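Structure first, then comments.
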Amino acid sequence: MGERYPHMFLILLLFHGAHAALKDPVQKWQTLGGQRPLVIARGGFSGLFPDSSQFSYQFAMSSSLHDVVLYCDLQLSSDGLGFCKTGLTLENSTLIAEAFPKRAKTYKVNGEEIHGWFALDFTADELYQNVTLIQDIFSRPSTFDGAMGMFTLEDLVGLKPPHLWVNVEYALFLQEHKLSAEDYILGLPKDFSVAYISSPEIGFLKNVGAKLKKSNTKLIFRFLREDVAEHTTKKTYGEILKDLKSVKAFASGILVPKEYIWPLGKDQYLRLPTSLVKDAHALGLEVFASGFANDVSMSYNYSFDPSAEYLQYIGNANFSVDGVITDFPPTASGAVACLANTKGNPLPPPGGDGGRPLIITHNGASGVYPGSTDLAYQQAVKDGADIIDCAVRMSKDGVAFCQPSADLSTSTTASTSFMTKISTVSEIQNKSGIFSFDLTWSEIQTLKPDLLGPYTQAGLKRNPAAKNAGKFVTLPEFLDLAKATNVSGIMVEMEHASFLAKRGLGLVDAVSGALANASYDKEGGHLPELMVVSDDTSVLAAFKKFPAFRRVLMVDETISDASAPSVEEIKQFATAVTVGRGSIAQVNGFFLTRFTDVADRMHAANLTVYVGVLRNEFMNLGFDYWADPIIEIATYAFHVMADGLITDDLSLNLSYAILPADAGALVHLAAPGALPPALPPAPVLEPGDVLDPPLPPRRRRWLPCAGRRRRFPVSATAAISWLPLTTILMDGIVLTHVFSAFFSPRILLCTV
């Protein structure tokens, strides 16, 4: 199996790369010629704009490495003009069906009948004047649909790209309709300077190659699925793959689906790599891999981080492909220029001028293992997190432990074991759940952790192999674990303290007692820095007596600004705040519209700002982040200047910078009316939103003593015969028990 690249690891890799850039290192690549791998933009930046559109190609050039290769899938009109458009038919990626509703046809292509609108049935003028482009993948923005027309190869050359790659997918089909891709390419002006020509048809490449012997153009043989037959030889591509020496006779390189190099099992985990790259390099063949995109299902090994996938192909210890064909060229560029070959670079310290933000876990490495388990914390430490966190929950019998939510049905197997415990607690959440304070610690220990990502229902599962891995961690165990690591700090979070006090559970007492027992209340020493976090100012006030603790206010509601009095109110209780992403970046229709002043307001008052929660899944990211979690990281780190990033999962070379998102940049390109009406702004934080009422006194609870059952002799019970004992239990039921003078078992209750 391939390596797993958790989110925290890649964040730190980003900052490793940034630090290394100062030294301008000479990188050694395992490509055929030792040069860095090429980034080849399929249809331009087709992950954001309609494929092969003007915006798509222009953005690919402006947001990628300076030597980016623009990839054109060649289509020919009926009068022989070349257009760039992926796919044989046009109806899924253009509005041609609306412009010419009766012009669809059916043709036999490679033995299969295909129905649709074909470019070769229309003149260049018809296509150029009447057909506009649309996004053909539903998860990508449709905002730019219908705004741009089809782009000719001549248009593309007019952009003066660094390099041009022309792919001819259906040369034989065009020939059957009296159109010659070969003649078209050979007739191109010399200043078009096509660097690469690829095709899955050997006959076409041999014919073109015979006439381009004195040219610098490289011919690339494109492999299709292994079970598909190639037209000229009638052999399957799998058979040709076993005879790469024959390919060398007519091509200088091969283009293969990425699975040819790193096979993917049915379980969506990587298998061992093939020897294809090394075998091809030994024959002098370059190897290019295709099929890269940020917003498609990928191996679980990558934890939904597309940069990790590129690193698997260009940054592993054994080989590197010579180039990658991608729908998201900025991400590939960042992987090549910033993230690869950074192993061993020193990591800059957090904070200070030019420093990086702290990397803070969200329930440990909860993108890899079930949150708040021993394995999640161990993985976070291994990945290099600065701060590990424990969200403290309370069991019915007063055991404090770490868990993502008080509702155990969201992060454990409680729903399969304690359905009778389902209840609705409006003080905690609006929906029903199975809550930790309704189960004893021994009952909770019968459960298993459950790795449920926020987008599991949408098919984006997290590491299914570890779905129920790990064990629950009590607060004392968490504190001991932190002591034994090299983390610089820990974050202890407390919620619902007032509600728990009414149930007889002292959250503040449990936490402060555990911290004192672990000696975290002592100033100095070599223990990790401790942060106590709460959304309740009364909880934070209770920890003022511990000067060694840093107090952090959790602003859990989304705000658009913070008034000066509210900031001053925060300073009475805390020296730092945690805020959600929505309080920093405002979004409309998945587009960033503006950055708020919340972080600046807090910084001006000398308050530290931590932002979260960052997640890898592309559905979690606005379009301005280009479905790339690294872009979001760069935005909060270098534009917002957050002091810490809170993330589920755990670079900059001077030749290329991973740039933060520019709020509003994409919105300005959209046609009027293309976006939904803007939502009203979030409220401004005011002092009344900050200050909480004092914590209520903890209600006394009566629980069975350790002995559970005890027999009383008659003489002992006679002294208290008929004495009523009223007990208020933690579930709110009032029971009256009367001792009899008879020799019988009784439950002895103790106050806690």
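Every chain in the structure tokens has a letter given in the order shown (A, B, ...), and although residue numbers restart at 1 in each chain, ligands are simply numbered from 1 in the order shown.
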
Give me, as an MDAnalysis selection string, the residues of region 215-277 of chain A that a backbone DSSP run labels alpha helix (DSSP H). chainID A and resid 237:241 244:247 276:277

Can you pull out every residue from region 404-538 of chain A that DSSP, working from the backbone, puts in strand (DSSP E), and format the result as a ChimeraX atom specification? /A:473-474,489-494,529-534

Quick one: residues within 12 Å of Ala604 (chain A), only C-alpha atoms, excluding same-chain residues fewer than 2 positions away - as a PyMOL selection string? chain A and resi 562+564+567-568+571+597-602+606-609

Shortest interatomic distance to Ala249 (chain A) - which of A:Ile428, A:Thr274, A:Tyr237, A:Leu285, counting only C-alpha atoms: A:Leu285

Could you give me, as a PDB file with C-alpha atoms, in the first residue's frame, the residues within 7 Å of region 492-505 of chain A, counting only C-alpha atoms and dropping anything in the same chain fewer than 3 positions from it?
ATOM      1  CA  ASP A 389      -7.030  18.707  22.015  1.00  0.00           C
ATOM      2  CA  CYS A 390      -9.508  16.962  24.262  1.00  0.00           C
ATOM      3  CA  ALA A 391     -13.189  17.900  24.208  1.00  0.00           C
ATOM      4  CA  VAL A 392     -14.204  16.769  27.705  1.00  0.00           C
ATOM      5  CA  GLY A 398     -18.797  11.393  36.694  1.00  0.00           C
ATOM      6  CA  MET A 531      -5.144  26.023  27.144  1.00  0.00           C
ATOM      7  CA  VAL A 532      -8.600  25.800  28.662  1.00  0.00           C
ATOM      8  CA  VAL A 533     -11.289  26.469  26.082  1.00  0.00           C
ATOM      9  CA  SER A 534     -14.975  27.137  26.578  1.00  0.00           C
ATOM     10  CA  ASP A 535     -17.888  28.999  25.038  1.00  0.00           C
ATOM     11  CA  LEU A 695     -22.530  28.565  36.845  1.00  0.00           C
ATOM     12  CA  PRO A 696     -25.344  27.078  38.942  1.00  0.00           C
ATOM     13  CA  PRO A 697     -24.391  25.095  42.048  1.00  0.00           C
ATOM     14  CA  ARG A 698     -23.886  21.433  41.313  1.00  0.00           C
ATOM     15  CA  ARG A 699     -26.865  19.356  42.392  1.00  0.00           C
ATOM     16  CA  ARG A 700     -25.914  16.516  44.734  1.00  0.00           C
ATOM     17  CA  ARG A 701     -26.128  13.051  43.259  1.00  0.00           C
ATOM     18  CA  MET A 730     -29.300  11.938  38.654  1.00  0.00           C
TER      19      MET A 730
END

Taking only C-alpha atoms into account, name the residue in A:Gly34, A:Pro476, A:Pro693, A:Pro677 that is nearest to Phe319 (chain A).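 Among A:Gly34, A:Pro476, A:Pro693, A:Pro677, it is A:Gly34 that comes nearest to Phe319 (chain A).
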
A:Ala670, A:Val579, A:Ala41, A:Ile631: which is nearest Gly334 (chain A), counting only C-alpha atoms?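 Under the stated criterion, the closest residue is A:Ile631.
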
Just checking: using only C-alpha atoms, which residue out of A:Thr233, A:Ser395, A:Ser563, A:Gln312 ends up closest to Thr440 (chain A)? A:Ser395

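Interatomic distance, CA of Asn616 (chain A) to CA of Ser46 (chain A): 20.3 Å.
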
Give the answer as one residue: which of A:Leu264, A:Ala280, A:Ala665, A:Met148 has the shortest atom-to-atom distance to Ser56 (chain A), using only C-alpha atoms?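 That would be A:Met148, the residue with the smallest distance to Ser56 (chain A).
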
Selected residue, from A:Ala365, A:Ala642, A:Leu540, A:Leu48, that lies nearest to Asp628 (chain A) when counting only C-alpha atoms: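 For Asp628 (chain A), the nearest of the candidates is A:Leu48.
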
Residues within 8 Å of Pro687 (chain A), only C-alpha atoms, excluding chain neighbours under 3 positions, as a list in words: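 Skipping anything fewer than 3 positions along the chain leaves Ser563, Pro565, Ser566, Val567, Glu569, Val690 and Leu691 of chain A.
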